[in-house]
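The next block is run-v7.cif, given as mmCIF, C-alpha atoms.
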data_entry
#
loop_
_atom_site.label_atom_id
_atom_site.label_comp_id
_atom_site.auth_asym_id
_atom_site.auth_seq_id
_atom_site.Cartn_x
_atom_site.Cartn_y
_atom_site.Cartn_z
CA MET A 1 166.15 140.04 59.80
CA ALA A 2 164.09 139.57 62.95
CA ASP A 3 164.42 141.62 66.11
CA ILE A 4 164.08 138.53 68.29
CA PHE A 5 165.03 134.92 67.59
CA ILE A 6 163.14 132.62 69.96
CA SER A 7 164.95 129.39 70.83
CA TYR A 8 162.81 126.73 72.47
CA SER A 9 161.81 123.09 72.39
CA ARG A 10 159.01 122.48 69.90
CA LEU A 11 157.35 120.38 72.60
CA ASP A 12 156.62 123.70 74.34
CA LEU A 13 154.95 125.36 71.34
CA GLU A 14 151.65 126.09 73.08
CA ARG A 15 153.44 127.53 76.12
CA VAL A 16 155.72 129.73 74.05
CA LYS A 17 153.05 131.15 71.74
CA PRO A 18 151.63 133.61 74.34
CA LEU A 19 155.16 134.90 74.94
CA ALA A 20 155.72 135.42 71.23
CA ASP A 21 152.32 137.10 70.86
CA ARG A 22 153.18 139.56 73.62
CA PHE A 23 156.45 140.63 72.03
CA ALA A 24 154.80 140.85 68.62
CA SER A 25 152.14 143.14 70.15
CA LEU A 26 154.96 145.42 71.35
CA GLY A 27 156.11 145.88 67.76
CA TYR A 28 159.00 143.42 67.60
CA SER A 29 159.55 141.16 64.61
CA LEU A 30 160.11 137.52 65.54
CA TRP A 31 161.61 134.35 64.10
CA TRP A 32 160.66 130.99 65.57
CA ASP A 33 159.35 127.57 64.55
CA GLN A 34 155.68 128.18 65.19
CA GLN A 35 153.71 125.73 63.08
CA PRO A 36 152.88 122.45 64.88
CA GLY A 37 153.65 119.49 62.66
CA ALA A 38 155.09 121.71 59.93
CA ARG A 39 158.48 121.29 58.28
CA GLN A 40 161.23 122.19 60.68
CA ALA A 41 163.57 124.91 59.52
CA SER A 42 166.81 123.68 57.98
CA PHE A 43 170.09 124.02 59.86
CA ASP A 44 171.31 126.70 57.43
CA GLU A 45 168.09 128.70 57.74
CA ARG A 46 168.20 128.62 61.54
CA GLU A 47 171.86 129.63 61.51
CA ARG A 48 171.20 132.61 59.22
CA GLU A 49 168.32 133.83 61.35
CA LEU A 50 170.26 133.27 64.57
CA ASP A 51 173.18 135.34 63.28
CA ALA A 52 170.96 138.12 61.94
CA ALA A 53 168.64 138.58 64.94
CA ARG A 54 169.29 141.48 67.28
CA ALA A 55 168.36 139.43 70.35
CA VAL A 56 168.09 135.71 71.09
CA LEU A 57 165.44 134.81 73.65
CA VAL A 58 166.09 131.32 75.01
CA VAL A 59 163.11 129.63 76.65
CA TRP A 60 164.26 127.13 79.26
CA SER A 61 161.88 124.41 80.41
CA LEU A 62 162.14 120.74 81.30
CA ASN A 63 161.96 120.03 77.58
CA GLY A 64 164.36 122.83 76.66
CA ARG A 65 166.98 121.60 79.13
CA ASN A 66 167.15 118.33 77.19
CA ALA A 67 167.25 119.91 73.72
CA ILE A 68 170.82 120.06 72.40
CA ARG A 69 169.78 122.60 69.76
CA VAL A 70 168.51 125.02 72.43
CA SER A 71 171.82 124.80 74.32
CA ALA A 72 173.73 125.35 71.07
CA GLU A 73 171.74 128.46 70.21
CA ALA A 74 172.09 129.77 73.77
CA ALA A 75 175.87 129.35 73.59
CA HIS A 76 176.04 131.17 70.26
CA ALA A 77 173.91 134.01 71.65
CA LEU A 78 176.13 134.29 74.72
CA GLU A 79 179.26 134.55 72.58
CA THR A 80 177.72 137.33 70.47
CA GLY A 81 176.25 139.31 73.37
CA LYS A 82 172.63 138.67 72.35
CA LEU A 83 171.49 136.17 74.99
CA LEU A 84 168.30 136.76 76.99
CA GLN A 85 166.79 133.92 79.01
CA LEU A 86 163.51 133.01 80.64
CA LYS A 87 162.34 129.87 82.35
CA LEU A 88 158.89 128.30 82.21
CA ASP A 89 159.55 125.66 84.87
CA PRO A 90 161.10 125.94 88.35
CA ALA A 91 164.19 123.98 87.30
CA ALA A 92 167.23 126.16 86.62
CA PRO A 93 168.73 126.35 83.11
CA PRO A 94 171.51 123.82 82.48
CA ALA A 95 175.11 124.70 83.32
CA PRO A 96 176.71 127.04 82.53
CA PHE A 97 173.63 129.12 81.71
CA ASP A 98 172.28 128.81 85.26
CA ALA A 99 174.94 131.35 86.28
CA LEU A 100 173.25 134.02 84.13
CA ASP A 101 170.07 136.05 84.53
CA ALA A 102 166.84 134.30 83.51
CA ALA A 103 163.40 135.89 83.87
CA ASP A 104 161.16 133.68 86.00
CA MET A 105 157.91 133.11 84.09
CA THR A 106 156.69 130.22 86.22
CA GLY A 107 154.12 132.38 88.00
CA ALA A 108 152.89 135.88 87.25
CA GLY A 109 156.03 136.43 85.22
CA GLU A 110 158.84 138.98 85.41
CA TRP A 111 157.64 140.88 82.37
CA GLY A 112 159.00 144.28 83.37
CA PRO A 113 162.70 143.35 83.61
CA LEU A 114 162.47 141.08 80.57
CA GLU A 115 160.80 143.70 78.37
CA HIS A 116 163.34 146.28 79.52
CA ALA A 117 166.24 143.95 78.67
CA VAL A 118 164.77 143.26 75.21
CA ALA A 119 164.29 146.98 74.55
CA GLN A 120 167.85 147.80 75.62
CA LEU A 121 169.27 145.11 73.36
CA VAL A 122 167.05 145.53 70.29
CA ARG A 123 166.34 149.26 70.26
CA HIS A 124 169.44 150.67 71.90
CA GLY A 125 172.06 148.16 70.79
CA GLU A 126 173.38 147.38 74.27
CA ARG A 127 175.02 143.99 74.71
CA ALA A 128 173.18 141.55 76.93
CA PRO A 129 174.62 141.20 80.46
CA THR A 130 176.89 138.21 81.02
CA ALA A 131 176.32 137.82 84.75
CA ARG A 132 173.53 138.13 87.29
CA SER A 133 172.60 141.78 87.79
CA GLU A 134 172.47 141.37 91.56
CA LEU A 135 176.24 140.84 91.60
CA GLY A 136 176.59 144.61 91.39
CA ALA A 137 180.22 145.70 91.66
CA MET A 138 181.27 142.06 92.16
CA PRO A 139 182.94 142.41 95.59
CA THR A 140 183.08 138.61 95.84
CA LEU A 141 183.75 135.83 93.40
CA ALA A 142 181.01 135.27 90.87
CA ALA A 143 179.42 131.85 90.58
CA ALA A 144 179.97 131.92 86.84
CA GLY A 145 183.02 129.93 85.89
CA SER A 146 183.35 128.16 89.23
CA PRO A 147 185.16 124.80 89.12
CA THR A 148 181.93 122.95 89.91
CA LEU A 149 180.04 124.59 87.04
CA ILE A 150 182.87 124.00 84.59
CA THR A 151 183.14 120.35 85.64
CA ILE A 152 179.41 119.87 85.17
CA ALA A 153 179.49 121.57 81.78
CA ILE A 154 182.43 119.46 80.58
CA GLY A 155 180.77 116.27 81.82
CA ALA A 156 177.52 117.18 80.08
CA ALA A 157 179.38 117.98 76.84
CA LEU A 158 181.27 114.67 76.89
CA ALA A 159 178.10 112.71 77.63
CA ALA A 160 176.25 114.50 74.83
CA TYR A 161 179.14 113.84 72.41
CA ALA A 162 179.18 110.13 73.24
CA GLY A 163 175.42 109.89 72.86
CA ALA A 164 175.40 111.75 69.56
CA VAL A 165 178.16 109.62 68.02
CA SER A 166 176.49 106.43 69.21
CA ALA A 167 173.12 107.51 67.81
CA SER A 168 174.72 108.38 64.47
CA PHE A 169 176.48 105.02 64.14
CA ASN A 170 173.25 103.20 65.03
CA GLY A 171 171.28 105.10 62.41
CA VAL A 172 169.06 106.83 64.98
CA MET A 173 170.44 110.30 64.19
CA THR A 174 170.87 111.78 60.70
CA LEU A 175 174.00 113.62 59.61
CA GLY A 176 172.15 116.92 59.86
CA GLN A 177 171.06 116.17 63.41
CA LEU A 178 174.60 115.09 64.28
CA GLN A 179 175.90 118.40 62.96
CA ILE A 180 173.48 120.31 65.18
CA ALA A 181 174.46 118.16 68.15
CA LEU A 182 178.18 118.78 67.62
CA VAL A 183 177.57 122.52 67.30
CA GLY A 184 175.70 122.39 70.59
CA ILE A 185 178.50 120.52 72.32
CA GLY A 186 181.07 122.98 71.02
CA GLY A 187 178.84 125.86 72.04
CA VAL A 188 178.51 124.64 75.61
CA ALA A 189 182.29 124.23 75.80
CA SER A 190 182.77 127.77 74.47
CA ALA A 191 180.25 129.14 76.95
CA GLY A 192 182.09 127.40 79.76
CA ALA A 193 185.36 128.96 78.63
CA ALA A 194 183.74 132.40 78.45
CA LEU A 195 182.35 132.08 81.96
CA CYS A 196 185.71 130.83 83.22
CA ALA A 197 187.30 133.98 81.80
CA PHE A 198 184.59 136.01 83.52
CA ARG A 199 185.51 134.36 86.82
CA LEU A 200 189.16 135.30 86.35
CA PHE A 201 188.07 138.89 85.73
CA SER A 202 185.92 138.76 88.87
CA THR A 203 188.85 137.46 90.90
CA ALA A 204 191.11 140.25 89.70
CA ARG A 205 188.45 142.84 90.42
CA ALA A 206 187.70 141.46 93.88
CA ASP A 207 191.39 141.53 94.73
CA GLY A 208 191.56 145.15 93.63
#

As a first step, turn the structure in this file into structure tokens.
Amino acid sequence: MADIFISYSRLDLERVKPLADRFASLGYSLWWDQQPGARQASFDERERELDAARAVLVVWSLNGRNAIRVSAEAAHALETGKLLQLKLDPAAPPAPFDALDAADMTGAGEWGPLEHAVAQLVRHGERAPTARSELGAMPTLAAAGSPTLITIAIGAALAAYAGAVSASFNGVMTLGQLQIALVGIGGVASAGAALCAFRLFSTARADG
């Protein structure tokens, strides 16, 4: 069982390696696809490691935004309270994950807050936060679960579903890849529902 499961697009391998090296140097055990051109881990293997890891670090980038598997793993991590996010490019994570904290590593990098969050989750067993920390006591409605975000998430899920089914029928996508795609679509839908529930909680709290 690894301390940290790193979810990322394999197209970003060289950009992710320094991040993994840093956490390894801090004494954390890691699981991630790290061999360029090597056999990709099977769906079952990834699922076992994802479930067993204490924290799931999702690396968002332009490539990661377009990877259904990354969105699926992010949704699973959110549901289990293990999600930590960082972004390598200025673009925000896809909805609904853009409503959650993500360490900005596009420049010097927000290492302090990210390392603290990892330590709290891995070494102290605290659940990952499900909303931006700057919301504080939530005196106003949170962005998470807003109608616009939910609409975008549903639209993205439907588009991904249509594309996956079409690719499968045309022989472009294998059954294993289709399974991963459907898990991702379901995960995004679940994440949207979770954030919608969070918004209802925020509304009740704001109203006193």

- Excluding A:Ser9 and any residue of its chain fewer than 3 positions from it, enumerate the residues within 9 Å of it, using all atoms listed in the file, and give them as a PyMOL selection string. chain A and resi 12-13+59-61+63-67+69-70

- Query: Skipping near chain neighbours, those fewer than 6 positions away, what residues fall within 12 Å of stretch 16-29 of chain A using all atoms listed in the file, listed as a PyMOL selection string?
  - Reply: chain A and resi 1-10+35-36+49+53-55+57-61+64+86-88+105+109-111+114-116+118-119+121-123

- Two-atom distance - atom CA of A:Pro113, atom CA of A:Arg48 (Å): 28.0 Å

- Separation of atom CA of A:His124 from atom CA of A:Gln34, in Å and rounded to one decimal: 27.2 Å

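Among the candidates A:Leu62, A:Leu100, A:Ala95, A:Leu50, the one nearest to A:Ala77 when counting only C-alpha atoms is A:Leu50.
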
- Item | Residue among A:Ala103, A:His76, A:Gly125, A:Arg46 lying closest to A:Asp89, counting all atoms listed in the file | A:Ala103

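Between atom CA of A:Asp104 and atom CA of A:Gln85 the interatomic distance comes to 9.0 Å.
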